[in-house]
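Engineer: Have a peek at upload-v2.csv (CSV, C-alpha atoms).
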chain,number,residue,atom,x,y,z
A,1,MET,CA,79.0,117.2,187.1
A,2,ILE,CA,80.6,117.0,183.7
A,3,SER,CA,83.5,114.9,182.3
A,4,LEU,CA,86.6,116.6,181.1
A,5,ASP,CA,85.3,116.1,177.5
A,6,GLY,CA,82.1,118.0,178.4
A,7,TYR,CA,79.5,115.2,178.9
A,8,PHE,CA,77.0,115.3,181.7
A,9,ALA,CA,76.1,111.6,181.2
A,10,GLY,CA,77.5,108.6,179.3
A,11,SER,CA,75.8,107.7,176.0
A,12,GLY,CA,73.4,105.4,177.9
A,13,GLY,CA,72.8,108.0,180.7
A,14,GLU,CA,75.5,106.5,183.0
A,15,LEU,CA,76.5,108.6,185.9
A,16,ASN,CA,78.8,106.0,187.5
A,17,TRP,CA,81.9,108.2,186.9
A,18,HIS,CA,80.8,110.8,189.4
A,19,ASN,CA,83.6,111.6,191.7
A,20,VAL,CA,81.9,112.3,195.1
A,21,ASP,CA,83.4,112.3,198.6
A,22,ALA,CA,83.1,114.0,201.9
A,23,GLU,CA,84.8,117.2,200.7
A,24,PHE,CA,82.3,117.4,197.8
A,25,ASN,CA,79.4,117.1,200.2
A,26,ASN,CA,80.7,119.5,202.9
A,27,GLU,CA,82.4,122.1,200.8
A,28,PHE,CA,80.2,122.2,197.8
A,29,ALA,CA,76.9,120.3,197.8
A,30,VAL,CA,75.7,121.3,201.3
A,31,PRO,CA,76.5,125.0,201.1
A,32,GLN,CA,75.0,125.2,197.7
A,33,LEU,CA,71.8,123.5,198.8
A,34,LYS,CA,71.6,125.8,201.8
A,35,SER,CA,71.8,128.8,199.5
A,36,ALA,CA,68.8,127.5,197.5
A,37,GLY,CA,65.1,128.4,197.8
A,38,LEU,CA,63.9,126.2,194.9
A,39,LEU,CA,65.3,123.2,193.0
A,40,MET,CA,64.4,122.5,189.4
A,41,PHE,CA,64.8,119.2,187.4
A,42,GLY,CA,64.0,117.7,184.1
A,43,ARG,CA,62.0,114.5,184.3
A,44,MET,CA,65.0,112.1,184.0
A,45,THR,CA,67.1,113.8,186.7
A,46,TYR,CA,64.0,114.1,188.8
A,47,ASP,CA,63.3,110.3,188.6
A,48,LEU,CA,66.9,109.6,189.7
A,49,MET,CA,66.8,112.0,192.6
A,50,ALA,CA,63.2,111.0,193.7
A,51,SER,CA,64.1,107.4,193.8
A,52,TYR,CA,67.2,107.9,196.0
A,53,TRP,CA,66.9,110.8,198.4
A,54,PRO,CA,63.7,109.8,200.3
A,55,THR,CA,65.2,106.3,201.0
A,56,GLU,CA,66.4,105.1,204.4
A,57,GLN,CA,69.8,104.4,202.8
A,58,ALA,CA,70.2,108.1,201.6
A,59,ILE,CA,69.0,109.5,204.9
A,60,LYS,CA,71.5,107.2,206.8
A,61,ASN,CA,74.5,107.8,204.4
A,62,ASP,CA,73.9,111.5,203.8
A,63,PRO,CA,71.6,112.9,206.4
A,64,VAL,CA,72.3,116.6,205.8
A,65,VAL,CA,72.1,116.4,202.0
A,66,ALA,CA,69.0,114.2,202.2
A,67,GLY,CA,67.3,116.5,204.6
A,68,LEU,CA,67.8,119.5,202.3
A,69,MET,CA,66.9,117.6,199.1
A,70,ASN,CA,63.7,116.2,200.6
A,71,GLY,CA,62.7,119.4,202.4
A,72,LEU,CA,63.3,122.1,199.8
A,73,PRO,CA,60.6,123.2,197.3
A,74,LYS,CA,61.1,121.4,194.0
A,75,LEU,CA,59.8,121.7,190.5
A,76,VAL,CA,59.9,119.1,187.8
A,77,PHE,CA,59.4,119.9,184.1
A,78,SER,CA,57.4,117.1,182.4
A,79,THR,CA,54.7,116.7,179.9
A,80,THR,CA,54.3,113.0,180.8
A,81,ILE,CA,53.7,112.9,184.5
A,82,GLU,CA,50.7,114.4,186.2
A,83,GLN,CA,51.8,114.5,189.7
A,84,ALA,CA,55.1,114.1,191.6
A,85,ASP,CA,55.2,112.0,194.7
A,86,TRP,CA,58.5,113.4,196.2
A,87,ASN,CA,57.9,115.8,199.1
A,88,ASN,CA,57.3,119.4,198.2
A,89,THR,CA,57.4,118.9,194.4
A,90,LYS,CA,55.3,120.6,191.8
A,91,VAL,CA,55.0,119.4,188.1
A,92,VAL,CA,55.2,122.1,185.4
A,93,LYS,CA,54.4,121.2,181.8
A,94,GLU,CA,56.2,123.9,179.9
A,95,ILE,CA,59.1,126.2,180.3
A,96,ARG,CA,57.6,129.7,179.9
A,97,LYS,CA,60.1,132.6,180.0
A,98,LEU,CA,57.9,135.0,181.8
A,99,GLU,CA,56.9,132.5,184.5
A,100,ILE,CA,60.5,131.6,185.2
A,101,GLU,CA,61.4,135.3,185.4
A,102,LYS,CA,58.6,135.8,187.9
A,103,LEU,CA,59.8,132.8,189.9
A,104,LYS,CA,63.3,134.3,190.0
A,105,GLN,CA,61.9,137.6,191.3
A,106,GLU,CA,59.8,135.8,193.9
A,107,THR,CA,62.5,133.5,195.2
A,108,ALA,CA,64.8,135.3,197.6
A,109,LYS,CA,67.4,132.6,197.6
A,110,ASP,CA,69.0,130.9,194.6
A,111,ILE,CA,67.1,128.7,192.2
A,112,LEU,CA,69.2,125.6,191.3
A,113,ILE,CA,68.8,123.4,188.3
A,114,LEU,CA,70.6,120.2,189.2
A,115,GLY,CA,71.9,118.0,186.3
A,116,SER,CA,69.0,118.1,183.8
A,117,GLY,CA,71.0,118.8,180.6
A,118,ASN,CA,67.9,119.2,178.4
A,119,ILE,CA,66.3,121.8,180.7
A,120,VAL,CA,69.6,123.7,181.0
A,121,GLN,CA,69.8,123.9,177.2
A,122,GLN,CA,66.3,125.3,177.0
A,123,PHE,CA,66.9,127.7,179.8
A,124,ALA,CA,70.1,128.9,178.1
A,125,LYS,CA,68.3,129.5,174.8
A,126,LEU,CA,65.8,131.7,176.7
A,127,GLY,CA,68.6,133.6,178.5
A,128,LEU,CA,67.4,132.5,181.9
A,129,ILE,CA,70.6,131.2,183.4
A,130,ASP,CA,72.7,133.6,185.5
A,131,GLU,CA,75.5,131.2,186.5
A,132,TYR,CA,76.8,127.9,185.4
A,133,ARG,CA,78.5,125.8,188.0
A,134,LEU,CA,80.4,123.0,186.3
A,135,MET,CA,82.3,120.4,188.3
A,136,ILE,CA,84.9,119.0,185.9
A,137,ASN,CA,85.5,115.4,186.9
A,138,PRO,CA,88.9,113.9,186.2
A,139,VAL,CA,87.7,111.6,183.5
A,140,ALA,CA,87.1,111.6,179.8
A,141,LEU,CA,84.2,109.5,178.7
A,142,GLY,CA,84.9,109.4,174.9
A,143,VAL,CA,81.2,109.4,174.1
A,144,GLY,CA,78.2,110.8,176.0
A,145,LYS,CA,75.4,113.3,176.3
A,146,THR,CA,76.5,116.9,175.7
A,147,LEU,CA,75.4,119.8,177.9
A,148,PHE,CA,75.7,122.5,175.3
A,149,ALA,CA,73.7,122.4,172.1
A,150,ASP,CA,74.8,125.9,170.9
A,151,LYS,CA,77.8,128.1,170.9
A,152,ILE,CA,77.9,130.1,174.1
A,153,LYS,CA,80.6,132.5,175.3
A,154,PHE,CA,81.2,132.7,179.0
A,155,LYS,CA,82.8,134.9,181.6
A,156,LEU,CA,84.8,133.0,184.2
A,157,LEU,CA,83.6,133.9,187.7
A,158,LYS,CA,85.8,131.6,189.7
A,159,SER,CA,87.5,128.2,189.7
A,160,ARG,CA,88.3,125.9,192.6
A,161,GLU,CA,90.3,122.7,192.9
A,162,PHE,CA,89.2,119.8,195.1
A,163,LYS,CA,91.4,117.2,196.6
A,164,ASN,CA,89.7,114.4,194.7
A,165,GLY,CA,90.7,115.9,191.4
A,166,ASN,CA,87.4,117.7,190.6
A,167,VAL,CA,87.7,121.3,189.5
A,168,LEU,CA,84.7,123.6,189.9
A,169,LEU,CA,84.4,126.2,187.2
A,170,CYS,CA,81.8,129.0,187.7
A,171,TYR,CA,80.7,131.0,184.6
A,172,ALA,CA,78.3,133.7,183.7
A,173,PRO,CA,76.9,133.6,180.2
A,174,SER,CA,78.5,136.4,178.2
A,175,SER,CA,77.6,138.0,174.8
A,176,SER,CA,80.2,140.7,175.1
A,177,LEU,CA,83.3,138.6,174.9
A,178,ALA,CA,83.4,138.5,171.1
A,179,SER,CA,85.7,141.5,170.8
A,180,SER,CA,88.2,140.0,173.2
A,181,LEU,CA,88.4,136.7,171.5
A,182,HIS,CA,90.7,136.9,168.6
A,183,PHE,CA,92.0,134.4,166.1
A,184,VAL,CA,95.8,133.9,165.9
A,185,GLN,CA,96.4,131.6,163.0
A,186,GLY,CA,98.6,128.7,164.0
A,187,ARG,CA,98.5,129.2,167.7
A,188,LEU,CA,97.3,126.3,169.7
B,1,MET,CA,93.2,124.6,173.8
B,2,ILE,CA,89.9,123.1,174.4
B,3,SER,CA,86.4,124.5,174.7
B,4,LEU,CA,84.4,124.0,177.9
B,5,ASP,CA,82.5,121.2,176.1
B,6,GLY,CA,85.7,119.4,175.3
B,7,TYR,CA,86.3,120.2,171.6
B,8,PHE,CA,89.8,121.0,170.3
B,9,ALA,CA,88.4,122.5,167.1
B,10,GLY,CA,85.0,123.4,165.6
B,11,SER,CA,83.2,120.9,163.4
B,12,GLY,CA,84.9,122.5,160.4
B,13,GLY,CA,88.3,122.7,162.1
B,14,GLU,CA,87.7,126.3,163.3
B,15,LEU,CA,90.2,127.6,165.9
B,16,ASN,CA,88.8,131.2,165.9
B,17,TRP,CA,87.6,130.8,169.5
B,18,HIS,CA,91.1,130.6,170.9
B,19,ASN,CA,91.4,133.0,173.8
B,20,VAL,CA,95.0,134.3,173.6
B,21,ASP,CA,96.6,137.3,175.1
B,22,ALA,CA,99.9,138.6,176.6
B,23,GLU,CA,99.4,136.7,179.8
B,24,PHE,CA,98.8,133.5,177.8
B,25,ASN,CA,102.1,134.1,175.9
B,26,ASN,CA,104.3,135.2,178.8
B,27,GLU,CA,103.0,133.0,181.6
B,28,PHE,CA,102.2,129.8,179.6
B,29,ALA,CA,103.3,129.5,176.0
B,30,VAL,CA,106.8,130.9,176.3
B,31,PRO,CA,107.8,129.0,179.5
B,32,GLN,CA,106.3,125.8,178.1
B,33,LEU,CA,108.3,126.2,174.8
B,34,LYS,CA,111.4,126.9,176.8
B,35,SER,CA,111.0,123.7,178.6
B,36,ALA,CA,110.8,121.7,175.4
B,37,GLY,CA,113.5,119.9,173.5
B,38,LEU,CA,111.2,118.6,170.7
B,39,LEU,CA,107.8,119.5,169.3
B,40,MET,CA,105.4,117.0,167.6
B,41,PHE,CA,102.5,117.6,165.3
B,42,GLY,CA,99.9,115.9,163.3
B,43,ARG,CA,99.8,117.0,159.7
B,44,MET,CA,96.9,119.3,160.0
B,45,THR,CA,98.3,121.2,163.0
B,46,TYR,CA,101.7,121.2,161.3
B,47,ASP,CA,100.3,122.9,158.2
B,48,LEU,CA,98.6,125.6,160.4
B,49,MET,CA,101.8,126.2,162.4
B,50,ALA,CA,104.2,126.1,159.4
B,51,SER,CA,102.1,128.6,157.5
B,52,TYR,CA,102.2,131.1,160.3
B,53,TRP,CA,105.3,131.1,162.5
B,54,PRO,CA,108.0,131.6,159.8
B,55,THR,CA,106.1,134.7,158.5
B,56,GLU,CA,107.3,138.3,159.0
B,57,GLN,CA,103.9,139.0,160.7
B,58,ALA,CA,104.4,136.3,163.3
B,59,ILE,CA,108.0,137.3,163.9
B,60,LYS,CA,106.9,140.9,164.4
B,61,ASN,CA,103.8,140.2,166.5
B,62,ASP,CA,105.3,137.4,168.6
B,63,PRO,CA,109.1,137.5,168.4
B,64,VAL,CA,109.8,135.2,171.4
B,65,VAL,CA,107.2,132.5,170.5
B,66,ALA,CA,108.1,132.7,166.8
B,67,GLY,CA,111.8,132.3,167.7
B,68,LEU,CA,111.2,129.2,169.7
B,69,MET,CA,108.7,127.7,167.3
B,70,ASN,CA,111.0,128.2,164.3
B,71,GLY,CA,114.1,127.2,166.1
B,72,LEU,CA,113.2,124.1,168.1
B,73,PRO,CA,113.5,120.6,166.6
B,74,LYS,CA,110.1,119.5,165.2
B,75,LEU,CA,108.6,116.2,164.0
B,76,VAL,CA,105.4,115.9,161.9
B,77,PHE,CA,103.6,112.6,161.6
B,78,SER,CA,102.3,112.2,158.0
B,79,THR,CA,101.9,109.5,155.4
B,80,THR,CA,101.2,112.0,152.7
B,81,ILE,CA,104.1,114.5,152.7
B,82,GLU,CA,107.6,113.4,151.9
B,83,GLN,CA,109.5,116.4,153.3
B,84,ALA,CA,108.8,119.4,155.6
B,85,ASP,CA,109.9,122.8,154.6
B,86,TRP,CA,109.7,124.4,158.1
B,87,ASN,CA,113.1,124.8,159.7
B,88,ASN,CA,114.4,121.9,161.7
B,89,THR,CA,111.5,119.6,161.0
B,90,LYS,CA,111.5,115.9,160.3
B,91,VAL,CA,108.7,113.8,158.7
B,92,VAL,CA,107.8,110.5,160.4
B,93,LYS,CA,105.3,108.2,158.6
B,94,GLU,CA,104.2,106.0,161.5
B,95,ILE,CA,103.8,106.2,165.3
B,96,ARG,CA,105.9,103.3,166.6
B,97,LYS,CA,105.8,102.9,170.4
B,98,LEU,CA,109.4,101.8,170.8
B,99,GLU,CA,110.7,104.6,168.7
B,100,ILE,CA,108.7,107.2,170.7
B,101,GLU,CA,109.9,105.7,173.9
B,102,LYS,CA,113.5,105.9,172.6
B,103,LEU,CA,112.9,109.6,171.7
B,104,LYS,CA,111.6,110.2,175.2
B,105,GLN,CA,114.8,108.7,176.7
B,106,GLU,CA,117.0,110.7,174.4
B,107,THR,CA,115.3,114.0,174.8
B,108,ALA,CA,116.5,115.6,178.1
B,109,LYS,CA,113.8,118.4,178.0
B,110,ASP,CA,110.1,117.9,177.5
B,111,ILE,CA,108.5,116.6,174.3
B,112,LEU,CA,105.4,118.6,173.5
B,113,ILE,CA,102.6,117.6,171.2
B,114,LEU,CA,100.8,120.8,170.3
B,115,GLY,CA,97.1,120.5,169.3
B,116,SER,CA,97.0,117.5,167.0
B,117,GLY,CA,94.0,115.7,168.4
B,118,ASN,CA,94.4,112.6,166.3
B,119,ILE,CA,98.0,112.2,167.3
B,120,VAL,CA,97.1,112.7,170.9
B,121,GLN,CA,94.5,109.9,170.7
B,122,GLN,CA,97.0,107.5,169.1
B,123,PHE,CA,99.6,108.3,171.7
B,124,ALA,CA,97.1,107.9,174.5
B,125,LYS,CA,96.1,104.4,173.3
B,126,LEU,CA,99.8,103.4,173.3
B,127,GLY,CA,100.3,104.8,176.8
B,128,LEU,CA,102.8,107.3,175.7
B,129,ILE,CA,101.5,110.5,177.3
B,130,ASP,CA,102.8,111.5,180.7
B,131,GLU,CA,100.9,114.7,181.1
B,132,TYR,CA,97.9,116.4,179.5
B,133,ARG,CA,97.8,120.2,179.6
B,134,LEU,CA,94.3,121.4,178.7
B,135,MET,CA,93.6,125.1,178.6
B,136,ILE,CA,89.8,125.3,179.0
B,137,ASN,CA,88.6,128.3,177.0
B,138,PRO,CA,85.5,130.1,178.3
B,139,VAL,CA,83.3,129.0,175.5
B,140,ALA,CA,81.0,126.1,174.5
B,141,LEU,CA,81.0,125.3,170.8
B,142,GLY,CA,78.0,123.0,170.7
B,143,VAL,CA,79.6,120.8,168.1
B,144,GLY,CA,83.2,120.1,167.2
B,145,LYS,CA,86.1,117.7,167.1
B,146,THR,CA,86.6,115.7,170.3
B,147,LEU,CA,90.0,115.2,171.8
B,148,PHE,CA,89.2,111.9,173.6
B,149,ALA,CA,88.0,108.8,171.7
B,150,ASP,CA,88.1,106.5,174.7
B,151,LYS,CA,87.3,106.5,178.4
B,152,ILE,CA,90.4,107.7,180.3
B,153,LYS,CA,90.7,108.3,184.0
B,154,PHE,CA,93.0,111.1,185.1
B,155,LYS,CA,94.9,112.3,188.2
B,156,LEU,CA,94.7,116.1,188.5
B,157,LEU,CA,98.2,117.5,188.9
B,158,LYS,CA,97.3,121.2,189.0
B,159,SER,CA,94.9,123.9,187.9
B,160,ARG,CA,95.5,127.5,187.2
B,161,GLU,CA,93.1,130.4,186.4
B,162,PHE,CA,94.1,133.1,183.9
B,163,LYS,CA,92.7,136.6,183.8
B,164,ASN,CA,91.2,136.2,180.4
B,165,GLY,CA,88.9,133.4,181.7
B,166,ASN,CA,91.0,130.4,180.5
B,167,VAL,CA,91.7,127.7,183.1
B,168,LEU,CA,94.7,125.4,182.7
B,169,LEU,CA,94.1,121.9,183.9
B,170,CYS,CA,97.1,119.5,184.1
B,171,TYR,CA,96.5,115.8,184.4
B,172,ALA,CA,98.4,112.5,184.4
B,173,PRO,CA,96.6,109.5,182.9
B,174,SER,CA,95.6,107.2,185.7
B,175,SER,CA,94.4,103.6,185.7
B,176,SER,CA,94.3,103.3,189.4
B,177,LEU,CA,91.4,105.7,190.1
B,178,ALA,CA,88.7,103.1,189.5
B,179,SER,CA,88.4,102.2,193.2
B,180,SER,CA,88.0,105.8,194.3
B,181,LEU,CA,85.3,106.6,191.8
B,182,HIS,CA,82.0,105.4,193.2
B,183,PHE,CA,78.5,105.7,192.0
B,184,VAL,CA,76.0,107.5,194.2
B,185,GLN,CA,72.6,107.1,192.7
B,186,GLY,CA,70.8,110.3,192.3
B,187,ARG,CA,73.7,112.6,193.1
B,188,LEU,CA,74.5,115.2,190.5
Hey, can you dump this file as C-alpha cells for me?

Structural biologist:
Amino acid sequence: MISLDGYFAGSGGELNWHNVDAEFNNEFAVPQLKSAGLLMFGRMTYDLMASYWPTEQAIKNDPVVAGLMNGLPKLVFSTTIEQADWNNTKVVKEIRKLEIEKLKQETAKDILILGSGNIVQQFAKLGLIDEYRLMINPVALGVGKTLFADKIKFKLLKSREFKNGNVLLCYAPSSSLASSLHFVQGRL
Amino acid sequence: MISLDGYFAGSGGELNWHNVDAEFNNEFAVPQLKSAGLLMFGRMTYDLMASYWPTEQAIKNDPVVAGLMNGLPKLVFSTTIEQADWNNTKVVKEIRKLEIEKLKQETAKDILILGSGNIVQQFAKLGLIDEYRLMINPVALGVGKTLFADKIKFKLLKSREFKNGNVLLCYAPSSSLASSLHFVQGRL
C-alpha cells in the first residue's frame, strides 16, 4: 500500500489512509496469500500484524485472511527480539544475500514481503526482489515514509484498477531501461 | 510526469528520467493539447518550455506538439519577469482565486497546467483544480521534488497503461472520501 505521493506510511507511521474493502480482500489479498509459501516482515510491520491477526476480532471480521496470515510460515528480521510469539514465525537477525537466495530456491511458492519499507530497501540493494506490487491508494499524504531510498528503474508488468480507487502496479526491477529513457528538454 | 515515488523532478530539478515516445505523443500529449484553450506554467517550467518548443530542433522533431505549444494562448505566473518572449504568452504576477475562476468560465476548452509543481500546490490549496493527470513513470528517484504539500483525498477517474511502462492516473480531488477510508490495524 502506498500513497499517490509514494509513501508507505505517514510521517508518524500512520496507516489510517489504507483503502481496504471486500474487493481488495477477495480479488487481491486472498489470492496473493494463497500463492505464498513464506511471509517476511520487518520488526515494525511484524508487530502490527502479530497484534491483529491472531485476535478474535480479526478471525471474525476476516476469517480467510486471518487463517492464511496465522497459518503460513513467517520470518521477521530483527536484532532486538529473541523470539516471536505469533504462530509459525522465525526470527532472523540479519539479511544475508546467500541465505535469502537459498530460501528462494527452497520455497516452491512465492515469498512475500508485506509492508516493511526498510526491509524492502535492503532487499532491493542486494538485488533480491523479483517483483514489486504497489497498490496506489487514492490519497496524497504530503509527508511520510518513503519506500525507495535509491534510484531504481522498473519494467511495468501489469496494472489493475479497483472499484475503490486503488490501482495495483506490478513492476520488475530493471537495469536495462537506461537506453530507452531519453531526455526531451521542455517536455513535461 | 511523476516518478513512482511521487516526485515531479529530481532534487536538482532533473527531468532526464521522463519516459517519452511516439505513443506518449500521439495518444496522450497531442490529444490533450488539442483539448486545451489555455496553458499555464510556473516560471521554472515556463523557462524550460520556452527554451525548447520555438527551436528549429523541436519543430523538426515534434512538429505537431511544437505547433500546438507555440500557438496556444499561454500564461506564466511570475513575480520576477516583466514580459514573456514566447509567442502568445502573458505574464501574471499573482494567483488570484476569483481571476482564475473567471478564466475557467471564459475558456470553453480545458485549461492545462503543465508540470509546475509549485503552481499546482497553490491551485490545489485554493480548490481550483478539477482534475489531476499523473503519468507514473516506471522509475523511483529516491529523492526529489514532491508535487503534494498537503494531504489530499482523490477520486480515481480512470487509469491507462502505456506500452513504455508509463501508467496514466486521472483523479478528481475529493473531500467526501473520508467515510469510505477505514483503518484496519495490521493490514498492509

Engineer: Go through B:Met40, B:Ala172, B:Met135, B:Ala22 one by one, measure the shortest atom-to-atom distance of each to Lys104 of chain B using only C-alpha atoms, and give the residue with the smallest value.

Structural biologist: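 Smallest separation from Lys104 of chain B among the options: B:Met40.
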
Engineer: Quick one: of B:Ala140, B:Val30, B:Glu99, B:Lys163, who's nearest to chain A, counting only C-alpha atoms?

Structural biologist: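 Result for the nearest residue to chain A: B:Ala140.
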
Engineer: Would you pick out the contacts of segment 48-64 of chain A at 12 Å or less, using all atoms listed in the file, so that residues sharing its chain but fewer than 4 positions from it are not included, and give the list as an NGL selection string?

Structural biologist: (:A and (13-15 or 20-22 or 24-26 or 29-31 or 33-34 or 39-44 or 68-72 or 74-76 or 84-89 or 114-116)) or (:B and (184-188))

Engineer: Taking only C-alpha atoms into account, name the residue in B:Ile136, B:Ala9, B:Ile113, B:Leu4 that is nearest to chain A.

Structural biologist: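 Of B:Ile136, B:Ala9, B:Ile113, B:Leu4, the one nearest chain A, counting only C-alpha atoms, is B:Leu4.
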
Engineer: Report the distance between atom CA of Asp130 of chain A and atom CA of Asn16 of chain B in Å, rounded to one decimal place.

Structural biologist: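 Atom-to-atom, atom CA of Asp130 of chain A to atom CA of Asn16 of chain B, that is 25.5 Å.
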